[in-house]
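Engineer: Got a structure for you, written out below as structure tokens; questions coming shortly.
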Amino acid sequence: MHLSSALVAASALIASCAGHSMLSKPASRGNVEWWGTCAAGAGCKGPCDSPKASSPFNSIYNPKTYVQRGQELDVEWNRLNHPGGFVRMAMVPFDQSDDWASFNDNILKYTCYETNCGPTNSSDTIFGHLNGSGSSPCTSTVTIPKNIPDNTAVTLQWIWYGGGIYYGQMDTSFGEYYGCSDMIVVGGPTSDEKPAPVFQGGDITYPNSGVCKYWGSNKVGDCNFGDRKPSPVDGDLLSQSLEPCMRGPEQKGAPFGMDSGSSSPDTSSEPASDSAAPDSSVAESPAAPVAPVTPEAPVTPAAPVTPVTPAAPVAPVTPEAPVTPEVPVTSDYSVVPEVTSVPEATSAPEATNAPVTPATSDYVAASESKCLARPSPI
């Protein structure tokens with residue numbers, strides 16, 4: 001009975017399509033090669049589901065979408081029987097929409113994949129708590145930046161990553177999936193300030209929290225499979241993708257870089273400041289040796305009291321002794337200690353005794369699976 005239920009659930013997951021996940025609202029560019037989806041494991045490497053040259057946006061017959069600065073734009077995707085993961089949204093000028101670096105530098109928001117959606121049957125635990133099948137729509141919003149000029153064509157990028165349960169394997173994660181939608185910005189309040197990325201946590205498993213359920217990695221780029229592409233074999237559905245990406249248990253957390261506890265930039269900057277401190281302290285210690293420089297050690301030339309050096313006179317070193325007699329200068333040295341106690345500034349007054357008295361009068365500022373005609377992972 002239990003085995004039968006498991007087979008039914010697995011069949012539902014596999015029958016869900018090789019689409020896995022894709023942006024549905026606002027309408028994505030889509031593609032022909034991968035039946036509309038863009039999965040890194042299938043060979044679609046982003047940053048969009050199709051390049052800008054192939055976007056329907058270029059057609060004069062394609063209706064354009066207009067948005068305003070500051071508008072909360074509704075974004076939607078279907079769960080498609082797959083649990084967990086994160087969604088990242090970024091926006092760049094349409095002309096830069098083939099450039100990964102541009103999207104990475106203009107991230108607007110991270111959220112959980114299952115923001116307000118989940119399995120059809122919450123009591124189905126065959127694949128774990130709230131990991132059952134279900135294709136209800138998941139939604140979120142993203143704010144249109146206020147620093148975009150009027151009549152600018154822009155592209156919204158949507159990425160799903162960290163999703164889990166590939167073809168019923170509970171310890172596996174999917175690769176990345178990409179989608180893009182083009183629109184024109186007109187009107188709305190303006191600002192020169194570039195918006196910082198935000199994270200909205202909380203999903204079906206961890207509601208009202210600052211975390212999401214996920215598998216594999218919480219960082220975009222870890223499951224894009226690099227430049228590798230699959231080598232499909234006739235009759236072997238799974239050969240059409242490089243997935244799964246990683247193996248490991250279900251996890252919970254925030255997107256990489258959005259959790260101060262795991263943000264590498266924070267931890268790396270602290271060591272840097274710490275290491276700088278030791279350097280400065282080391283610099284101060286040498287300053288202490290400068291005190292010895294008050295060669296009161298030279299004051300030990302009073303050790304010339306070691307006129308025992310007269311034995312040196314035996315060696316005509318005595319003439320050199322006379323040179324040392326300029327230890328009368330030692331009288332100066334003796335004065336120097338006294339002066340050094342008042343740091344050489346006092347010697348300066350001596351040099352400027354007479355002169356001193358006269359002197360005293362004296363800024364400024366815009367990764368992906370072929371909709372594998374394969375069963376939906378899990």
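Residue names in the structure tokens use chain letters A, B, ... in the order shown, residue numbers from 1 in each chain, and ligand numbers from 1 in the order shown.
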When DSSP works through the backbone of this structure, what residues of segment 21-251 of chain A end up as strand (DSSP E or B), shown as a ChimeraX atom specification?
Structural biologist: /A:23-25,39,66-67,72-78,86-93,107-112,137-143,152-161,164-166,169-173,177-185,198-200,212-214,233,236,247,251
Engineer: I'd like to know which residues of segment 53-272 of chain A are alpha helix (DSSP H) (by DSSP, run on the backbone); could you write them as a PyMOL selection string?
Structural biologist: chain A and resi 100-104+264-272
Engineer: Write the selection just made, keeping N, CA, C and O atoms, as a short mmCIF file (atom, residue, chain, number, x, y, z; two decimals), in the first residue's frame?
Structural biologist:
data_model
loop_
_atom_site.label_atom_id
_atom_site.label_comp_id
_atom_site.auth_asym_id
_atom_site.auth_seq_id
_atom_site.Cartn_x
_atom_site.Cartn_y
_atom_site.Cartn_z
N TRP A 100 26.03 38.66 -18.09
CA TRP A 100 25.87 38.14 -16.74
C TRP A 100 26.34 39.14 -15.69
O TRP A 100 25.70 39.34 -14.66
N ALA A 101 27.49 39.78 -15.95
CA ALA A 101 28.05 40.71 -14.97
C ALA A 101 27.09 41.86 -14.67
O ALA A 101 26.98 42.32 -13.53
N SER A 102 26.39 42.32 -15.69
CA SER A 102 25.46 43.42 -15.50
C SER A 102 24.32 43.02 -14.57
O SER A 102 23.94 43.77 -13.67
N PHE A 103 23.78 41.82 -14.76
CA PHE A 103 22.70 41.35 -13.88
C PHE A 103 23.22 41.16 -12.46
O PHE A 103 22.55 41.53 -11.49
N ASN A 104 24.40 40.58 -12.33
CA ASN A 104 24.97 40.35 -11.00
C ASN A 104 25.20 41.65 -10.24
O ASN A 104 25.22 41.67 -9.01
N SER A 264 30.67 36.07 3.43
CA SER A 264 32.12 36.06 3.38
C SER A 264 32.72 37.46 3.36
O SER A 264 33.78 37.68 3.90
N PRO A 265 32.03 38.44 2.74
CA PRO A 265 32.63 39.77 2.74
C PRO A 265 32.83 40.29 4.16
O PRO A 265 33.83 40.90 4.48
N ASP A 266 31.85 40.02 5.06
CA ASP A 266 31.97 40.52 6.43
C ASP A 266 33.14 39.86 7.14
O ASP A 266 33.95 40.51 7.77
N THR A 267 33.24 38.53 7.04
CA THR A 267 34.29 37.83 7.75
C THR A 267 35.66 38.14 7.19
O THR A 267 36.63 38.16 7.91
N SER A 268 35.73 38.42 5.89
CA SER A 268 37.04 38.70 5.31
C SER A 268 37.50 40.09 5.67
O SER A 268 38.68 40.35 5.80
N SER A 269 36.57 41.03 5.83
CA SER A 269 36.97 42.39 6.15
C SER A 269 37.45 42.49 7.58
O SER A 269 38.34 43.26 7.89
N GLU A 270 36.87 41.70 8.47
CA GLU A 270 37.29 41.77 9.86
C GLU A 270 38.74 41.34 10.03
O GLU A 270 39.52 42.03 10.65
N PRO A 271 39.15 40.21 9.45
CA PRO A 271 40.54 39.82 9.58
C PRO A 271 41.46 40.89 9.06
O PRO A 271 42.51 41.12 9.57
N ALA A 272 41.02 41.54 7.97
CA ALA A 272 41.87 42.56 7.37
C ALA A 272 42.13 43.66 8.37
O ALA A 272 43.24 44.12 8.55
#
Engineer: Quick one: distance from atom CA of Phe57 of chain A to atom CA of Ile159 of chain A in Å, one decimal?
Structural biologist: 19.8 Å
Engineer: Determine, for each residue of segment 86-167 of chain A having at least one atom at most 9 Å from an atom of segment 232-248 of chain A, the closest pair of atoms and their separation in Å to one decimal, counting only C-alpha atoms; order by chain and ascending number, as a tab-separated table.
Structural biologist:
residue	atom	partner	partner_atom	distance
A:Gly164	CA	A:Pro244	CA	9.0
A:Ile165	CA	A:Pro244	CA	8.7
A:Tyr166	CA	A:Pro244	CA	6.2
A:Tyr167	CA	A:Pro244	CA	8.9
Engineer: Env of segment 182-195 of chain A: 8 Å cut, atoms = only C-alpha atoms, seq-sep filter 3 positions within chain, self excluded. Answer as a ChimeraX atom specification.
Structural biologist: /A:28-29,57,64-71,94,108,145-156,365-366
Engineer: Can you list, as an mmCIF file with N, CA, C and O atoms, in the first residue's frame, every protein, DNA or RNA residue that comes within 12 Å of Gly216 of chain A when you count only C-alpha atoms, leaving out same-chain residues fewer than 4 positions away?
Structural biologist:
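Below you can see selection_19.cif, which holds the result:
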data_model
loop_
_atom_site.group_PDB
_atom_site.id
_atom_site.type_symbol
_atom_site.label_atom_id
_atom_site.label_comp_id
_atom_site.auth_asym_id
_atom_site.auth_seq_id
_atom_site.Cartn_x
_atom_site.Cartn_y
_atom_site.Cartn_z
ATOM 1 N N GLY A 84 11.283 23.784 -2.542
ATOM 2 C CA GLY A 84 12.497 24.444 -2.085
ATOM 3 C C GLY A 84 13.278 25.283 -3.077
ATOM 4 O O GLY A 84 13.031 25.300 -4.270
ATOM 5 N N GLY A 85 14.237 26.007 -2.498
ATOM 6 C CA GLY A 85 15.126 26.833 -3.299
ATOM 7 C C GLY A 85 14.857 28.318 -3.138
ATOM 8 O O GLY A 85 14.001 28.745 -2.355
ATOM 9 N N PHE A 86 15.608 29.088 -3.901
ATOM 10 C CA PHE A 86 15.515 30.544 -3.868
ATOM 11 C C PHE A 86 15.188 31.095 -5.256
ATOM 12 O O PHE A 86 15.443 30.437 -6.263
ATOM 13 N N TYR A 161 17.105 28.602 -8.067
ATOM 14 C CA TYR A 161 18.245 27.732 -7.754
ATOM 15 C C TYR A 161 18.090 27.166 -6.345
ATOM 16 O O TYR A 161 17.361 27.723 -5.521
ATOM 17 N N GLY A 162 18.736 26.043 -6.089
ATOM 18 C CA GLY A 162 18.627 25.414 -4.775
ATOM 19 C C GLY A 162 17.386 24.558 -4.614
ATOM 20 O O GLY A 162 17.057 24.145 -3.496
ATOM 21 N N GLY A 163 16.686 24.268 -5.720
ATOM 22 C CA GLY A 163 15.497 23.417 -5.644
ATOM 23 C C GLY A 163 15.901 21.968 -5.428
ATOM 24 O O GLY A 163 17.040 21.571 -5.699
ATOM 25 N N GLY A 164 14.953 21.149 -4.952
ATOM 26 C CA GLY A 164 15.329 19.785 -4.617
ATOM 27 C C GLY A 164 14.479 18.656 -5.152
ATOM 28 O O GLY A 164 13.444 18.851 -5.773
ATOM 29 N N ILE A 165 14.986 17.475 -4.879
ATOM 30 C CA ILE A 165 14.378 16.180 -5.181
ATOM 31 C C ILE A 165 14.257 15.934 -6.685
ATOM 32 O O ILE A 165 13.182 16.045 -7.281
ATOM 33 N N TYR A 166 15.374 15.605 -7.279
ATOM 34 C CA TYR A 166 15.439 15.314 -8.709
ATOM 35 C C TYR A 166 14.996 13.880 -8.977
ATOM 36 O O TYR A 166 15.604 12.924 -8.506
ATOM 37 N N MET A 170 15.627 12.017 -2.899
ATOM 38 C CA MET A 170 15.446 13.007 -1.845
ATOM 39 C C MET A 170 16.712 13.770 -1.453
ATOM 40 O O MET A 170 16.630 14.786 -0.773
ATOM 41 N N ASP A 171 17.871 13.285 -1.853
ATOM 42 C CA ASP A 171 19.109 13.966 -1.456
ATOM 43 C C ASP A 171 19.776 14.676 -2.637
ATOM 44 O O ASP A 171 20.990 14.828 -2.673
ATOM 45 N N THR A 172 18.975 15.098 -3.602
ATOM 46 C CA THR A 172 19.557 15.732 -4.789
ATOM 47 C C THR A 172 19.015 17.141 -5.025
ATOM 48 O O THR A 172 17.911 17.481 -4.598
ATOM 49 N N SER A 173 19.819 17.951 -5.704
ATOM 50 C CA SER A 173 19.387 19.317 -6.023
ATOM 51 C C SER A 173 19.396 19.525 -7.536
ATOM 52 O O SER A 173 20.172 18.897 -8.257
ATOM 53 N N PHE A 174 18.538 20.425 -7.985
ATOM 54 C CA PHE A 174 18.480 20.789 -9.398
ATOM 55 C C PHE A 174 19.585 21.782 -9.735
ATOM 56 O O PHE A 174 20.191 22.396 -8.849
ATOM 57 N N GLY A 175 19.785 21.983 -11.029
ATOM 58 C CA GLY A 175 20.674 23.044 -11.481
ATOM 59 C C GLY A 175 19.875 24.342 -11.489
ATOM 60 O O GLY A 175 18.755 24.399 -10.974
ATOM 61 N N GLU A 176 20.432 25.371 -12.089
ATOM 62 C CA GLU A 176 19.762 26.674 -12.127
ATOM 63 C C GLU A 176 18.830 26.784 -13.330
ATOM 64 O O GLU A 176 19.078 26.196 -14.390
ATOM 65 N N VAL A 220 24.124 31.578 -6.315
ATOM 66 C CA VAL A 220 23.969 31.552 -7.773
ATOM 67 C C VAL A 220 25.338 31.304 -8.403
ATOM 68 O O VAL A 220 26.330 31.916 -8.029
ATOM 69 N N GLY A 221 25.369 30.388 -9.354
ATOM 70 C CA GLY A 221 26.626 30.084 -10.035
ATOM 71 C C GLY A 221 27.201 28.745 -9.638
ATOM 72 O O GLY A 221 27.977 28.150 -10.392
ATOM 73 N N ASP A 222 26.811 28.220 -8.464
ATOM 74 C CA ASP A 222 27.355 26.931 -8.023
ATOM 75 C C ASP A 222 26.753 25.760 -8.785
ATOM 76 O O ASP A 222 27.349 24.680 -8.820
ATOM 77 N N CYS A 223 25.588 25.954 -9.365
ATOM 78 C CA CYS A 223 24.939 24.852 -10.089
ATOM 79 C C CYS A 223 24.596 25.240 -11.526
ATOM 80 O O CYS A 223 23.498 24.962 -12.021
ATOM 81 N N GLU A 243 21.860 17.187 -14.674
ATOM 82 C CA GLU A 243 21.341 17.109 -13.314
ATOM 83 C C GLU A 243 21.340 15.663 -12.824
ATOM 84 O O GLU A 243 21.330 14.734 -13.642
ATOM 85 N N PRO A 244 21.362 15.463 -11.502
ATOM 86 C CA PRO A 244 21.283 16.481 -10.457
ATOM 87 C C PRO A 244 22.615 17.223 -10.289
ATOM 88 O O PRO A 244 23.655 16.752 -10.735
ATOM 89 N N CYS A 245 22.533 18.375 -9.611
ATOM 90 C CA CYS A 245 23.740 19.178 -9.422
ATOM 91 C C CYS A 245 24.549 18.694 -8.227
ATOM 92 O O CYS A 245 25.741 18.446 -8.334
ATOM 93 N N MET A 246 23.909 18.576 -7.087
ATOM 94 C CA MET A 246 24.606 18.161 -5.858
ATOM 95 C C MET A 246 23.784 17.125 -5.110
ATOM 96 O O MET A 246 22.593 16.980 -5.344
ATOM 97 N N ARG A 247 24.461 16.428 -4.207
ATOM 98 C CA ARG A 247 23.780 15.474 -3.329
ATOM 99 C C ARG A 247 23.998 15.886 -1.881
ATOM 100 O O ARG A 247 25.100 16.293 -1.503
ATOM 101 N N GLY A 248 22.931 15.783 -1.104
ATOM 102 C CA GLY A 248 23.016 16.163 0.295
ATOM 103 C C GLY A 248 21.626 16.335 0.862
ATOM 104 O O GLY A 248 20.634 16.344 0.122
ATOM 105 N N PRO A 249 21.512 16.497 2.160
ATOM 106 C CA PRO A 249 20.202 16.609 2.811
ATOM 107 C C PRO A 249 19.530 17.956 2.576
ATOM 108 O O PRO A 249 20.161 18.922 2.142
ATOM 109 N N GLU A 250 18.264 17.987 2.874
ATOM 110 C CA GLU A 250 17.497 19.241 2.824
ATOM 111 C C GLU A 250 18.097 20.215 3.838
ATOM 112 O O GLU A 250 18.520 19.813 4.928
ATOM 113 N N GLN A 251 18.162 21.505 3.465
ATOM 114 C CA GLN A 251 18.746 22.513 4.347
ATOM 115 C C GLN A 251 17.799 23.706 4.503
ATOM 116 O O GLN A 251 16.787 23.796 3.810
ATOM 117 N N LYS A 252 18.170 24.628 5.370
ATOM 118 C CA LYS A 252 17.432 25.882 5.484
ATOM 119 C C LYS A 252 18.430 27.004 5.709
ATOM 120 O O LYS A 252 19.482 26.810 6.329
ATOM 121 N N GLY A 253 18.111 28.181 5.163
ATOM 122 C CA GLY A 253 19.031 29.299 5.317
ATOM 123 C C GLY A 253 18.664 30.449 4.402
ATOM 124 O O GLY A 253 17.642 30.425 3.710
ATOM 125 N N PRO A 255 19.963 33.324 1.290
ATOM 126 C CA PRO A 255 20.819 33.310 0.108
ATOM 127 C C PRO A 255 22.235 33.753 0.478
ATOM 128 O O PRO A 255 22.426 34.563 1.387
#
Engineer: Which residues, written as an NGL selection string, have at least one atom at most 12 Å from Ser54 of chain A, with only C-alpha atoms counted and residues fewer than 6 positions away on the same chain left out?
Structural biologist: :A and (28-33 or 48 or 97-98 or 180 or 182)
Engineer: In terms of the shortest atom-to-atom distance over only C-alpha atoms, which of A:Thr37, A:Gln96, A:Asn131, A:Asn78 is closest to Tyr214 of chain A?
Structural biologist: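 The closest residue to Tyr214 of chain A is A:Asn131.
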Engineer: So how far away is atom CA of Thr139 of chain A from atom CA of Lys45 of chain A, in Å?
Structural biologist: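 These atoms are spaced 24.3 Å apart.
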Engineer: Rounded to one decimal place, report the atom CA of Asn58 of chain A-atom CA of Pro197 of chain A distance in Å.
Structural biologist: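 If I compute the distance from atom CA of Asn58 of chain A to atom CA of Pro197 of chain A, I get 28.8 Å.
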